[in-house]
Structures are given as C-alpha cells and as structure tokens.
>>> print(open('target.txt').read())   # compact mmCIF, C-alpha atoms
# COMPACT_ATOMS: atom_id res chain seq x y z
CA MET D 19 -41.67 255.50 -185.28
CA ALA D 20 -42.85 258.04 -187.81
CA PRO D 21 -40.14 259.10 -190.22
CA SER D 22 -39.00 262.65 -189.70
CA THR D 23 -38.77 265.03 -192.61
CA LYS D 24 -35.02 264.74 -192.33
CA ASP D 25 -35.25 261.12 -193.47
CA ARG D 26 -37.45 262.01 -196.41
CA PRO D 27 -36.03 260.23 -199.47
CA ARG D 28 -34.48 262.36 -202.19
CA LEU D 29 -36.20 262.75 -205.53
CA ASP D 30 -35.49 259.67 -207.55
CA LEU D 31 -35.35 259.29 -211.30
CA PRO D 32 -39.01 258.24 -211.90
CA GLU D 33 -40.15 261.19 -209.82
CA ILE D 34 -38.05 263.61 -211.83
CA GLN D 35 -39.37 262.11 -215.06
CA LYS D 36 -42.90 262.52 -213.75
CA LEU D 37 -42.10 266.12 -212.90
CA ILE D 38 -40.81 266.77 -216.42
CA ARG D 39 -43.99 265.35 -217.94
CA ILE D 40 -46.20 267.47 -215.70
CA ILE D 41 -44.28 270.62 -216.55
CA GLU D 42 -44.19 269.75 -220.23
CA LYS D 43 -47.98 269.67 -220.33
CA SER D 44 -48.43 272.72 -218.15
CA PRO D 45 -48.14 276.39 -219.14
CA ILE D 46 -45.18 276.71 -216.75
CA THR D 47 -41.99 277.68 -218.60
CA VAL D 48 -39.49 277.57 -215.79
CA PHE D 49 -39.56 275.42 -212.69
CA GLU D 50 -36.90 275.43 -210.00
CA LEU D 51 -36.61 273.28 -206.93
CA GLU D 52 -33.89 273.45 -204.35
CA ASP D 53 -33.26 270.92 -201.64
CA LYS D 54 -30.43 270.47 -199.19
CA ASP D 55 -28.04 268.90 -201.67
CA LEU D 56 -29.96 268.97 -204.91
CA LYS D 57 -31.10 271.73 -207.18
CA ILE D 58 -33.28 271.10 -210.21
CA LYS D 59 -34.21 273.57 -212.86
CA ILE D 60 -36.59 272.65 -215.66
CA SER D 61 -37.22 275.20 -218.36
CA LYS D 62 -38.82 275.07 -221.76
CA ASN D 63 -39.01 277.54 -224.59
CA GLY D 64 -41.51 277.42 -227.43
CA SER D 65 -41.65 274.22 -229.38
CA HIS D 66 -38.54 272.72 -227.79
CA SER D 67 -38.81 269.93 -225.32
CA PRO D 68 -37.96 270.88 -221.75
CA VAL D 69 -34.36 271.45 -220.81
CA VAL D 70 -33.39 270.11 -217.45
CA GLN D 71 -30.46 271.43 -215.56
CA THR D 72 -29.48 269.59 -212.46
CA VAL D 73 -26.82 271.07 -210.28
CA MET D 74 -25.47 269.25 -207.30
CA SER D 75 -24.73 271.85 -204.69
CA SER D 76 -21.75 269.85 -203.55
CA PRO D 77 -18.69 270.63 -205.67
CA ILE D 78 -18.33 268.83 -208.98
CA PRO D 79 -16.20 265.70 -208.60
CA ALA D 80 -13.09 266.06 -210.69
CA SER D 81 -12.39 262.44 -211.35
CA LEU D 82 -14.27 260.02 -213.49
CA SER D 83 -16.00 257.73 -211.07
CA ALA D 84 -15.64 254.06 -211.78
CA PRO D 85 -18.51 253.01 -214.00
CA SER D 86 -21.03 250.98 -212.12
CA TYR D 87 -24.44 249.43 -212.50
CA SER D 88 -25.84 251.26 -209.51
CA ALA D 89 -29.28 252.75 -209.63
CA ALA D 90 -29.54 255.95 -211.59
CA THR D 91 -29.00 259.03 -209.51
CA ALA D 92 -30.98 262.19 -209.87
CA ALA D 93 -28.17 263.81 -211.79
CA GLU D 94 -28.59 261.34 -214.62
CA ALA D 95 -32.11 262.49 -215.26
CA PRO D 96 -31.39 264.46 -218.44
CA ALA D 97 -29.92 261.48 -220.26
CA ALA D 98 -32.29 259.00 -218.78
CA ALA D 99 -35.33 261.09 -219.56
CA GLU D 100 -34.58 260.86 -223.26
CA LYS D 101 -33.66 257.23 -223.37
CA ALA D 102 -33.75 254.63 -220.67
CA PRO D 103 -30.28 253.10 -220.41
CA VAL D 104 -30.16 249.49 -221.49
CA VAL D 105 -27.24 248.04 -219.65
CA SER D 106 -26.25 244.46 -220.17
CA LYS D 107 -23.73 243.03 -217.80
CA ASN D 108 -20.89 243.36 -220.29
CA ILE D 109 -21.62 246.95 -221.16
CA VAL D 110 -20.19 249.67 -218.98
CA GLU D 111 -21.29 253.25 -219.21
CA ILE D 112 -18.72 256.03 -219.14
CA LYS D 113 -20.30 259.06 -217.58
CA ALA D 114 -19.54 262.76 -217.60
CA PRO D 115 -17.50 263.63 -214.48
CA MET D 116 -18.71 267.24 -214.65
CA VAL D 117 -21.08 269.67 -216.29
CA GLY D 118 -19.65 271.16 -219.46
CA THR D 119 -19.37 270.97 -223.21
CA PHE D 120 -18.42 267.66 -224.77
CA TYR D 121 -15.77 267.44 -227.50
CA ARG D 122 -14.82 264.28 -229.33
CA ALA D 123 -11.66 265.74 -230.88
CA PRO D 124 -8.88 268.10 -229.74
CA SER D 125 -9.77 270.63 -232.46
CA PRO D 126 -12.58 271.04 -235.01
CA ASP D 127 -10.57 269.59 -237.90
CA ALA D 128 -8.83 266.81 -235.94
CA ASP D 129 -9.88 263.17 -235.83
CA PRO D 130 -12.00 262.09 -232.86
CA TYR D 131 -10.09 260.64 -229.94
CA VAL D 132 -12.13 257.45 -230.33
CA ASN D 133 -14.68 256.00 -232.71
CA VAL D 134 -17.30 253.31 -232.27
CA GLY D 135 -15.55 249.98 -232.71
CA ASP D 136 -12.23 251.19 -231.26
CA ARG D 137 -10.59 249.18 -228.54
CA VAL D 138 -9.62 251.29 -225.55
CA GLU D 139 -7.27 250.69 -222.64
CA PRO D 140 -7.07 252.43 -219.27
CA ASN D 141 -5.68 255.99 -219.56
CA ARG D 142 -6.70 256.28 -223.20
CA VAL D 143 -8.23 259.72 -223.69
CA LEU D 144 -11.84 259.40 -224.88
CA CYS D 145 -12.97 262.99 -225.09
CA ILE D 146 -12.66 266.45 -223.61
CA ILE D 147 -15.22 268.19 -221.47
CA GLU D 148 -14.80 271.92 -221.35
CA ALA D 149 -16.02 273.56 -218.20
CA MET D 150 -15.32 277.24 -217.73
CA LYS D 151 -12.61 277.20 -220.40
CA LEU D 152 -10.79 274.38 -218.67
CA MET D 153 -10.24 271.45 -221.00
CA ASN D 154 -10.70 268.25 -219.02
CA GLU D 155 -9.49 265.04 -220.56
CA VAL D 156 -11.76 262.10 -219.81
CA GLU D 157 -9.92 258.80 -219.85
CA ALA D 158 -11.05 255.22 -220.10
CA GLU D 159 -10.58 253.47 -216.79
CA LEU D 160 -11.02 250.00 -218.23
CA SER D 161 -10.34 247.95 -221.33
CA GLY D 162 -12.98 247.21 -223.89
CA ARG D 163 -14.52 248.20 -227.16
CA ILE D 164 -16.56 251.36 -227.72
CA VAL D 165 -20.01 250.22 -228.79
CA GLU D 166 -21.82 253.54 -228.62
CA ALA D 167 -20.96 257.22 -228.59
CA CYS D 168 -23.96 258.77 -226.89
CA VAL D 169 -23.31 262.50 -227.26
CA GLU D 170 -22.80 264.64 -230.35
CA ASN D 171 -19.67 266.74 -230.61
CA ALA D 172 -19.93 270.18 -228.96
CA GLU D 173 -23.15 269.29 -227.10
CA PRO D 174 -23.57 270.37 -223.47
CA VAL D 175 -23.47 267.48 -221.01
CA GLU D 176 -24.76 267.17 -217.50
CA TYR D 177 -22.96 265.63 -214.56
CA GLY D 178 -23.39 261.86 -214.75
CA GLN D 179 -24.69 261.84 -218.33
CA VAL D 180 -23.63 258.75 -220.29
CA LEU D 181 -20.95 259.63 -222.86
CA PHE D 182 -19.91 256.22 -224.17
CA ARG D 183 -20.87 252.62 -223.73
CA VAL D 184 -18.02 250.15 -223.63
CA ASP D 185 -18.23 246.40 -224.11
CA ILE D 186 -15.73 245.05 -221.62
CA THR D 187 -15.61 241.68 -223.38
CA GLY D 188 -14.95 243.38 -226.72
CA MET H 15 15.39 290.41 -225.39
CA SER H 16 16.68 288.00 -222.82
CA TRP H 17 15.46 286.77 -219.51
CA ASP H 18 17.18 287.85 -216.31
CA PRO H 19 16.66 285.10 -213.72
CA GLN H 20 18.16 287.20 -210.92
CA LEU H 21 15.82 290.08 -211.56
CA PHE H 22 12.91 287.64 -211.44
CA ALA H 23 14.20 286.01 -208.23
CA ARG H 24 14.59 289.40 -206.52
CA HIS H 25 10.89 290.12 -206.97
CA LEU H 26 9.57 286.65 -206.17
CA LYS H 27 8.11 286.32 -202.67
CA THR H 28 6.55 282.86 -202.86
CA ARG H 29 7.48 279.60 -201.17
CA ARG H 30 6.69 277.22 -204.03
CA PHE H 31 5.19 278.88 -207.08
CA GLY H 32 7.83 280.04 -209.53
CA ARG H 33 10.69 278.68 -207.43
CA GLN H 34 11.32 276.09 -210.12
CA LEU H 35 11.49 277.70 -213.52
CA ARG H 36 12.59 276.51 -216.93
CA TYR H 37 13.38 279.00 -219.67
CA PHE H 38 13.34 278.40 -223.43
CA THR H 39 14.11 280.87 -226.17
CA GLU H 40 11.88 278.85 -228.44
CA ILE H 41 9.55 275.92 -227.87
CA ASP H 42 6.59 274.32 -229.63
CA SER H 43 4.24 275.17 -226.76
CA THR H 44 4.92 275.65 -223.05
CA ASN H 45 1.69 273.79 -222.21
CA ARG H 46 2.69 270.83 -224.35
CA TRP H 47 6.18 270.69 -222.83
CA LEU H 48 4.83 270.80 -219.29
CA THR H 49 2.24 268.15 -220.07
CA VAL H 50 5.15 265.77 -220.68
CA HIS H 51 7.66 267.04 -218.09
CA TRP H 52 5.47 268.11 -215.14
CA ASN H 53 6.80 265.34 -212.89
CA GLU H 54 10.41 266.50 -213.21
CA PHE H 55 9.58 269.24 -210.72
CA THR H 56 9.30 268.73 -206.99
CA LEU H 57 7.36 271.89 -206.13
CA ASN H 58 3.84 272.83 -207.07
CA GLY H 59 3.58 275.84 -209.32
CA ALA H 60 6.57 275.08 -211.55
CA VAL H 61 6.86 277.65 -214.34
CA VAL H 62 7.98 277.17 -217.93
CA ILE H 63 8.62 280.32 -219.86
CA ALA H 64 9.46 280.86 -223.53
CA GLU H 65 10.34 283.85 -225.66
CA HIS H 66 8.55 282.36 -228.61
CA GLN H 67 6.14 279.49 -229.18
CA ILE H 68 6.29 277.89 -232.59
CA SER H 69 2.84 276.44 -232.22
CA GLY H 70 1.19 278.44 -229.47
CA ARG H 71 -2.33 277.24 -229.00
CA GLY H 72 -5.61 278.64 -227.85
CA ARG H 73 -8.82 276.75 -227.34
CA PHE H 74 -9.43 273.99 -229.89
CA ALA H 75 -5.87 274.30 -231.16
CA ARG H 76 -6.56 277.78 -232.51
CA GLU H 77 -3.25 279.40 -233.27
CA TRP H 78 -1.98 281.88 -230.76
CA ASP H 79 0.63 284.14 -232.29
CA ASP H 80 3.18 285.85 -230.13
CA VAL H 81 5.62 288.63 -230.75
CA PRO H 82 8.97 287.02 -229.84
CA GLY H 83 10.65 288.63 -226.86
CA LYS H 84 7.81 291.09 -226.34
CA SER H 85 5.20 288.72 -224.93
CA LEU H 86 5.14 287.00 -221.59
CA LEU H 87 4.47 283.36 -222.37
CA PHE H 88 4.43 280.83 -219.60
CA SER H 89 2.73 277.75 -218.23
CA VAL H 90 2.30 276.67 -214.65
CA SER H 91 1.77 273.09 -213.49
CA ILE H 92 -0.53 272.44 -210.58
CA VAL H 93 -0.59 268.98 -209.12
CA SER H 94 -3.42 268.07 -206.82
CA SER H 95 -5.02 265.01 -205.37
CA ARG H 96 -7.54 263.29 -207.56
CA GLU H 97 -10.41 264.25 -205.30
CA GLU H 98 -9.61 267.92 -205.52
CA ASN H 99 -12.67 269.18 -207.26
CA ARG H 100 -12.58 272.92 -207.56
CA ALA H 101 -11.28 272.68 -211.08
CA GLY H 102 -13.46 275.41 -212.48
CA PHE H 103 -11.56 278.00 -210.50
CA HIS H 104 -8.01 277.02 -211.44
CA GLN H 105 -7.87 278.96 -214.66
CA MET H 106 -9.49 281.98 -213.01
CA LEU H 107 -6.50 282.38 -210.71
CA PRO H 108 -4.01 283.68 -213.31
CA ALA H 109 -6.64 286.14 -214.57
CA ILE H 110 -7.25 287.44 -211.04
CA SER H 111 -3.47 287.52 -210.41
CA LEU H 112 -2.70 289.44 -213.59
CA ALA H 113 -5.52 291.91 -212.95
CA LYS H 114 -4.27 292.52 -209.39
CA ALA H 115 -0.69 292.92 -210.57
CA LEU H 116 -1.80 295.48 -213.15
CA LEU H 117 -3.96 297.29 -210.64
CA ASN H 118 -0.95 297.64 -208.32
CA ARG H 119 1.12 299.07 -211.14
CA LEU H 120 -1.37 301.22 -213.00
CA GLY H 121 -3.76 302.21 -210.24
CA ASN H 122 -6.92 303.84 -211.50
CA ASP H 123 -5.39 305.39 -214.59
CA HIS H 124 -6.63 302.51 -216.69
CA GLU H 125 -9.69 300.29 -216.55
CA ILE H 126 -8.78 296.74 -215.58
CA ARG H 127 -11.64 294.26 -215.66
CA LEU H 128 -12.16 290.51 -215.79
CA LYS H 129 -14.55 288.91 -218.23
CA TRP H 130 -15.98 285.51 -217.32
CA PRO H 131 -14.33 283.20 -216.86
CA ASN H 132 -10.70 284.15 -217.43
CA ASP H 133 -10.22 287.08 -219.77
CA VAL H 134 -8.34 290.16 -218.61
CA LEU H 135 -9.47 293.34 -220.30
CA LEU H 136 -7.33 296.46 -220.23
CA ASN H 137 -9.34 299.52 -221.21
CA GLY H 138 -11.93 297.13 -222.61
CA ARG H 139 -9.53 295.17 -224.81
CA LYS H 140 -8.17 291.67 -224.35
CA LEU H 141 -4.65 291.66 -222.97
CA ALA H 142 -4.04 288.00 -222.27
CA GLY H 143 -5.03 284.53 -223.36
CA ILE H 144 -5.29 281.63 -220.93
CA LEU H 145 -5.52 277.97 -221.84
CA ALA H 146 -5.95 275.42 -219.07
CA GLU H 147 -5.84 271.68 -219.59
CA ARG H 148 -6.32 268.94 -217.07
CA PHE H 149 -5.59 265.26 -217.01
CA THR H 150 -5.15 262.56 -214.44
CA SER H 151 -2.12 260.47 -213.74
CA GLY H 152 -2.60 257.70 -211.22
CA ASP H 153 -4.00 259.30 -208.10
CA THR H 154 -3.12 262.83 -209.05
CA THR H 155 -4.79 265.44 -211.17
CA VAL H 156 -2.50 267.66 -213.17
CA THR H 157 -3.68 271.06 -214.33
CA ILE H 158 -1.51 272.91 -216.80
CA VAL H 159 -2.39 276.58 -217.08
CA GLY H 160 -0.88 278.41 -220.01
CA VAL H 161 -0.81 282.20 -220.05
CA GLY H 162 0.11 284.53 -222.90
CA ILE H 163 0.28 288.25 -222.21
CA ASN H 164 0.88 290.96 -224.79
CA VAL H 165 3.45 293.10 -223.03
CA ASN H 166 5.85 295.26 -225.03
CA ALA H 167 4.71 294.85 -228.60
CA ASP H 168 3.35 297.71 -230.62
CA LEU H 169 -0.24 297.19 -231.80
CA ARG H 170 1.02 296.98 -235.38
CA GLU H 171 3.05 293.91 -234.45
CA LEU H 172 -0.04 291.92 -233.48
CA SER H 173 -1.77 289.74 -236.02
CA GLU H 174 -4.86 291.25 -237.58
CA SER H 175 -7.18 288.93 -235.66
CA ALA H 176 -5.46 289.72 -232.35
CA ARG H 177 -5.62 293.44 -233.07
CA ALA H 178 -9.38 293.32 -233.62
CA PHE H 179 -10.19 292.73 -229.95
CA GLY H 180 -6.79 292.71 -228.29
CA THR H 181 -4.24 295.15 -227.05
CA THR H 182 -0.79 295.23 -225.45
CA LEU H 183 0.42 296.75 -222.22
CA PHE H 184 2.72 299.03 -224.22
CA ALA H 185 -0.08 300.18 -226.51
CA GLU H 186 -2.23 301.18 -223.54
CA THR H 187 0.39 302.69 -221.28
CA GLY H 188 3.08 303.90 -223.66
CA THR H 189 5.83 302.44 -221.50
CA ILE H 190 8.04 299.38 -221.75
CA THR H 191 7.41 296.97 -218.88
CA PRO H 192 10.24 294.65 -217.76
CA ARG H 193 8.73 291.18 -217.88
CA GLU H 194 10.63 289.58 -214.97
CA PRO H 195 9.03 291.72 -212.21
CA LEU H 196 5.66 291.45 -213.95
CA LEU H 197 5.80 287.64 -213.91
CA ALA H 198 6.98 287.69 -210.28
CA ASP H 199 4.04 289.94 -209.35
CA ILE H 200 1.58 287.56 -211.02
CA ILE H 201 3.09 284.50 -209.35
CA ASN H 202 3.13 286.32 -205.99
CA GLU H 203 -0.62 286.87 -206.29
CA TRP H 204 -1.30 283.37 -207.62
CA GLU H 205 0.23 281.31 -204.80
CA PRO H 206 -2.02 282.57 -201.96
CA LEU H 207 -5.07 282.27 -204.21
CA TYR H 208 -4.09 278.69 -204.99
CA ASP H 209 -3.64 277.98 -201.28
CA SER H 210 -7.17 279.25 -200.58
CA LEU H 211 -8.55 277.10 -203.37
CA ARG H 212 -6.66 274.03 -202.17
CA ASP H 213 -8.11 274.57 -198.69
CA GLY H 214 -11.61 274.68 -200.13
CA ASP H 215 -12.11 278.39 -199.62
CA THR H 216 -13.80 279.04 -202.95
CA ASP H 217 -15.69 281.97 -201.43
CA SER H 218 -12.57 284.10 -201.26
CA ILE H 219 -11.78 283.23 -204.90
CA ARG H 220 -15.28 284.23 -205.96
CA LYS H 221 -14.99 287.42 -203.96
CA ALA H 222 -11.62 288.26 -205.52
CA TRP H 223 -13.02 287.59 -208.98
CA LEU H 224 -16.15 289.66 -208.39
CA GLU H 225 -14.12 292.64 -207.17
CA LEU H 226 -12.44 292.71 -210.55
CA GLY H 227 -15.34 291.50 -212.69
CA PRO H 228 -18.24 293.45 -214.12
CA PRO H 229 -20.54 295.00 -211.50
CA ILE H 230 -23.57 292.83 -210.66
CA GLY H 231 -26.40 293.99 -212.91
CA THR H 232 -24.19 294.81 -215.92
CA ALA H 233 -25.94 293.98 -219.20
CA ILE H 234 -24.36 290.84 -220.69
CA THR H 235 -24.99 288.48 -223.56
CA ARG H 236 -23.97 284.86 -223.52
CA MET H 237 -23.40 283.08 -226.81
CA GLU H 238 -22.74 279.50 -227.73
CA ARG H 239 -23.14 277.76 -231.05
CA GLY H 240 -25.37 280.48 -232.46
CA ALA H 241 -27.69 280.55 -229.45
CA GLU H 242 -27.81 283.85 -227.64
CA ILE H 243 -29.27 284.94 -224.33
CA SER H 244 -29.16 288.44 -222.90
CA GLY H 245 -29.71 289.63 -219.39
CA THR H 246 -27.73 291.01 -216.51
CA PHE H 247 -24.68 289.67 -214.74
CA GLY H 248 -25.77 287.91 -211.56
CA GLY H 249 -22.36 286.90 -210.19
CA ILE H 250 -20.62 283.56 -210.27
CA GLY H 251 -21.81 280.33 -208.68
CA THR H 252 -20.16 278.06 -206.16
CA SER H 253 -18.46 276.07 -208.93
CA GLY H 254 -17.39 279.19 -210.79
CA GLN H 255 -20.26 279.11 -213.26
CA LEU H 256 -21.74 282.26 -214.74
CA LEU H 257 -25.07 283.46 -213.37
CA LEU H 258 -27.22 285.40 -215.82
CA ARG H 259 -30.53 286.96 -214.82
CA ASP H 260 -32.99 287.21 -217.70
CA GLN H 261 -35.69 289.86 -218.13
CA ASN H 262 -38.18 287.71 -216.20
CA GLY H 263 -35.83 287.55 -213.26
CA VAL H 264 -34.94 283.91 -213.84
CA VAL H 265 -31.32 283.12 -213.08
CA HIS H 266 -29.59 280.86 -215.61
CA GLU H 267 -26.33 279.06 -214.87
CA PHE H 268 -23.73 278.54 -217.55
CA PHE H 269 -20.55 276.49 -217.51
CA SER H 270 -19.46 277.43 -221.01
CA GLY H 271 -19.97 279.90 -223.79
CA ASP H 272 -18.65 283.32 -224.72
CA ILE H 273 -19.74 286.45 -222.92
CA LEU H 274 -20.13 289.95 -224.25
CA HIS H 275 -20.33 292.88 -221.87
>>> encode(input="target.txt", output="structure tokens")
Amino acid sequence: MAPSTKDRPRLDLPEIQKLIRIIEKSPITVFELEDKDLKIKISKNGSHSPVVQTVMSSPIPASLSAPSYSAATAAEAPAAAEKAPVVSKNIVEIKAPMVGTFYRAPSPDADPYVNVGDRVEPNRVLCIIEAMKLMNEVEAELSGRIVEACVENAEPVEYGQVLFRVDITG
Amino acid sequence: MSWDPQLFARHLKTRRFGRQLRYFTEIDSTNRWLTVHWNEFTLNGAVVIAEHQISGRGRFAREWDDVPGKSLLFSVSIVSSREENRAGFHQMLPAISLAKALLNRLGNDHEIRLKWPNDVLLNGRKLAGILAERFTSGDTTVTIVGVGINVNADLRELSESARAFGTTLFAETGTITPREPLLADIINEWEPLYDSLRDGDTDSIRKAWLELGPPIGTAITRMERGAEISGTFGGIGTSGQLLLRDQNGVVHEFFSGDILH
C-alpha cells in the first residue's frame, strides 16, 4: 500500500539542519515553511549565522515536561544545530517549556537562582523565562547536580531548548 | 483614604472573581503576599488590595512607587490545571479589562489604547503597570497578576521616572475617581475574559485586545537589548505574540521586548 501524503513523516532534526545549511549558503535571507502542526522560519542578516524560529502551532505547553532521552523533536533544532547534545545516561536535560527570554536571576543585580555545581531538589526554582511580560518560574523536577548552564542570561530561548544539564547521580 | 467594602460589593457582578478580597493598608507587595497565601482562598480570582506597597515591584524587581491612598494596587490569583497553556494571555486580561472599564466611563473624550502586551495608555501615556508571575504547585499552575493604577494622584506626586512616560486618571480627566467602583468594573470585565481563556477561546481574547490595540498597519518599533526592528503592527498571534511586518513584507513574531508606537 503506497503511503498517502497524510502519513508523510514530519521534518526531523537532520532534515532541518540540512535545510539550515542550504539556506546559509544560498542568497536567500528569509525562508518560511508551514505545515499542519509545524512552522519554521529561518532568517539571516549580514554576517550573522542564520536565526531559526520554530513555532509549534499548537499552544505552548505551560508545564516543564519531564526530561527524557527521547529523540530530538523539531523544536529543538535551534539548540541542536549549534551543538549536538551529548547525553550520558546520568545526565538529564532541562528544557525550555516555552518560547521566551531566559533569566538566571530574579533581577539584574541579584544572585543567580542556581550555579554550576549546585545540588537541586524538585521544586527548586532554576530560572525564569519571560514570555509576553509573564515571568514563568522553571523548577527542577528531579534531584541532582547542575553540571552545565547552557544559556546566557537574558538570551532568547526556543521551546524545547536545553537550559541546564543535571547529573542525577551528583 | 480608606476602602469601603460595601461600595465595592454593590458594584461587583461576578460569581468568583473579587468575591474573596483581602485588604491591607500597607504591605511589602501584594504579589509577594499572594504568592505565599494563594491557597487560603477557595475561589478563583481572589483579590488582595493595598493602600501602599513598601516594596512594590515591576519587572526584574524594578521599584514601583505608589502614591499611598491614591493608587489602585491589587493582585489577583488565578489557579489553573497544569496543562492549561494559554499563559501568554493571562496578563493581557487586566489590561483589556481596565481599558474597557475606562472606555465605559470616559467614552470617546479620551484616547484609550493598549500597547503590546499589557500596557494601558491614556492619551498616549502609561496609566498602569502589570506584573504577572507564574509558578507550579503540584498539579496546579498559579498565576499571580499584580496591577498598579495611578488613579487620584496629581502628576507632581509621581516620581520623576514615572512622570516621564506615565500619567494618572486625575491628571487626564481632572476628576477624582472612587476606587471601589473602578476595581469592581475591572473585575467585572476580567471574569468573563478569564472564562473564555479557560475554555480555550483565545480568539475572542485576541479580538478584544485588537479592538483596543493599535490599528493594524500602525508604525511600530520593537526593541530588546539594543537591537531594534521597525515595521508595522501585524496583529497578535495565536499564543499572544506580537506580529511585526517589516518593509519587505516579512512577518516577524516576538514573544518579548519593548514596543514603541
């Protein structure tokens, strides 16, 4: 039975990476693609590397999904395109539950909520993501030690982007 | 300046919002208090109101000065299931509600306009500050929306920084506005908007916002961390994000940043 177009697989991470490379080399400055439940926009300006904005057309999940080792979804493309995640079985990635701006501290002159090397417990606040002037606390959902803070303060983050890596044996 | 609970109750037409209210003459911050005490209330839309906040906060703990007794300072707690995911709209609701309440009172004598995402401009000047914070507790998501409105103060009573872009209801209209009916009007508008949002009807929220926002096509500039992009207002997206159309016709979506009209 020939597969119908309805069963056509969604763009996966390698395909998106391929797309970025093609657009990077081309004279195209803005590329947009919209599918049933996925919208990708790749744009570049001048000497900067391409900026990828991926918007799931389904509403943004509010809660932090339990970290997992599952295959990267399309929404992770921005992070993954820069650096392939190296995930050992003791390291859990804490991902952005929404698109927004990442803050490591409650105010510019305050200490960060967490630093690399800190032990965290469930419900410990790790950072804030601001989306449309709503300050969303992102909490740890597991115990462990922060081994990597992956995003600079005040940087924009995409849905699903890795924010921290936590060693659950730490 | 005191608070008359009966006057407030006479104007309140809601079923849940504002039915549970706690009043303080002075508090560190209504948002902070509600962040700790939200689960003492049994109804959604509990309101905490204060005459004066010792450490009123804006975004990033910026100080938010009030004029004691002449501001309307309150926070509302909204408890929803963890899956509820229309967060981006929650802090738009008080802005829409305030703008509608003002429109009903002032009609077309004054320009009332929203600025993305949640600023209320009266005659082009900022009238209110809104700070929304969200956290999870077990299976529930708690959103605390703090609102500060400059009501009866004279412009000279505002801090210099607030005066630069801000205004007060008194300064614009020349009349003293009783705060109890004003709060009731806002809460009366807020509850049905919240119900629509809870039921997933974000379209009606977007429509309500757009009716009060800048006309589509208005020249706008979006700024964040020194980066600037100019274009025209293209509406708001399905998650509440700003749509900006650049000179090449490309539509950009933004979830953060400051907007200039």
>>> interface_residues(input="target.txt", of="chain H", to="chain D", cutoff="9 Å", atoms="all atoms listed in the file", output="PyMOL selection string")
chain H and resi 73-76+96-106+130-132+144-151+155+157+159+239+252-256+264+267-271
>>> atom_distance(input="target.txt", atom1="atom CA of Leu274 of chain H", atom2="atom CA of Leu224 of chain H")
16.4 Å
>>> residues_around(input="target.txt", residues="segment 184-186 of chain D", least_positions_apart="3", cutoff="7 Å", atoms="only C-alpha atoms", output="number ranges by chain")
D: 108-111, 161-165
>>> write_last_selection(input="target.txt", atoms="C-alpha atoms", output="PDB file, in the coordinates of the input")
ATOM      1  CA  ASN D 108     -20.890 243.360-220.290  1.00  0.00           C
ATOM      2  CA  ILE D 109     -21.620 246.950-221.160  1.00  0.00           C
ATOM      3  CA  VAL D 110     -20.190 249.670-218.980  1.00  0.00           C
ATOM      4  CA  GLU D 111     -21.290 253.250-219.210  1.00  0.00           C
ATOM      5  CA  SER D 161     -10.340 247.950-221.330  1.00  0.00           C
ATOM      6  CA  GLY D 162     -12.980 247.210-223.890  1.00  0.00           C
ATOM      7  CA  ARG D 163     -14.520 248.200-227.160  1.00  0.00           C
ATOM      8  CA  ILE D 164     -16.560 251.360-227.720  1.00  0.00           C
ATOM      9  CA  VAL D 165     -20.010 250.220-228.790  1.00  0.00           C
TER      10      VAL D 165
END
>>> closest_residue(input="target.txt", among="H:Val156, H:Leu197, H:Leu116, H:Val93", to="Ile63 of chain H", atoms="all atoms listed in the file")
H:Leu197
>>> residues_around(input="target.txt", residues="Leu48 of chain H", least_positions_apart="4", cutoff="7 Å", atoms="only C-alpha atoms", output="compact mmCIF listing (two decimals) with C-alpha atoms, in the coordinates of the input")
# COMPACT_ATOMS: atom_id res chain seq x y z
CA THR H 44 4.92 275.65 -223.05
CA TRP H 52 5.47 268.11 -215.14
CA SER H 91 1.77 273.09 -213.49
>>> atom_distance(input="target.txt", atom1="atom CA of Glu176 of chain D", atom2="atom CA of Ala114 of chain D")
6.8 Å
>>> atom_distance(input="target.txt", atom1="atom CA of Trp223 of chain H", atom2="atom CA of Ile110 of chain H")
6.1 Å
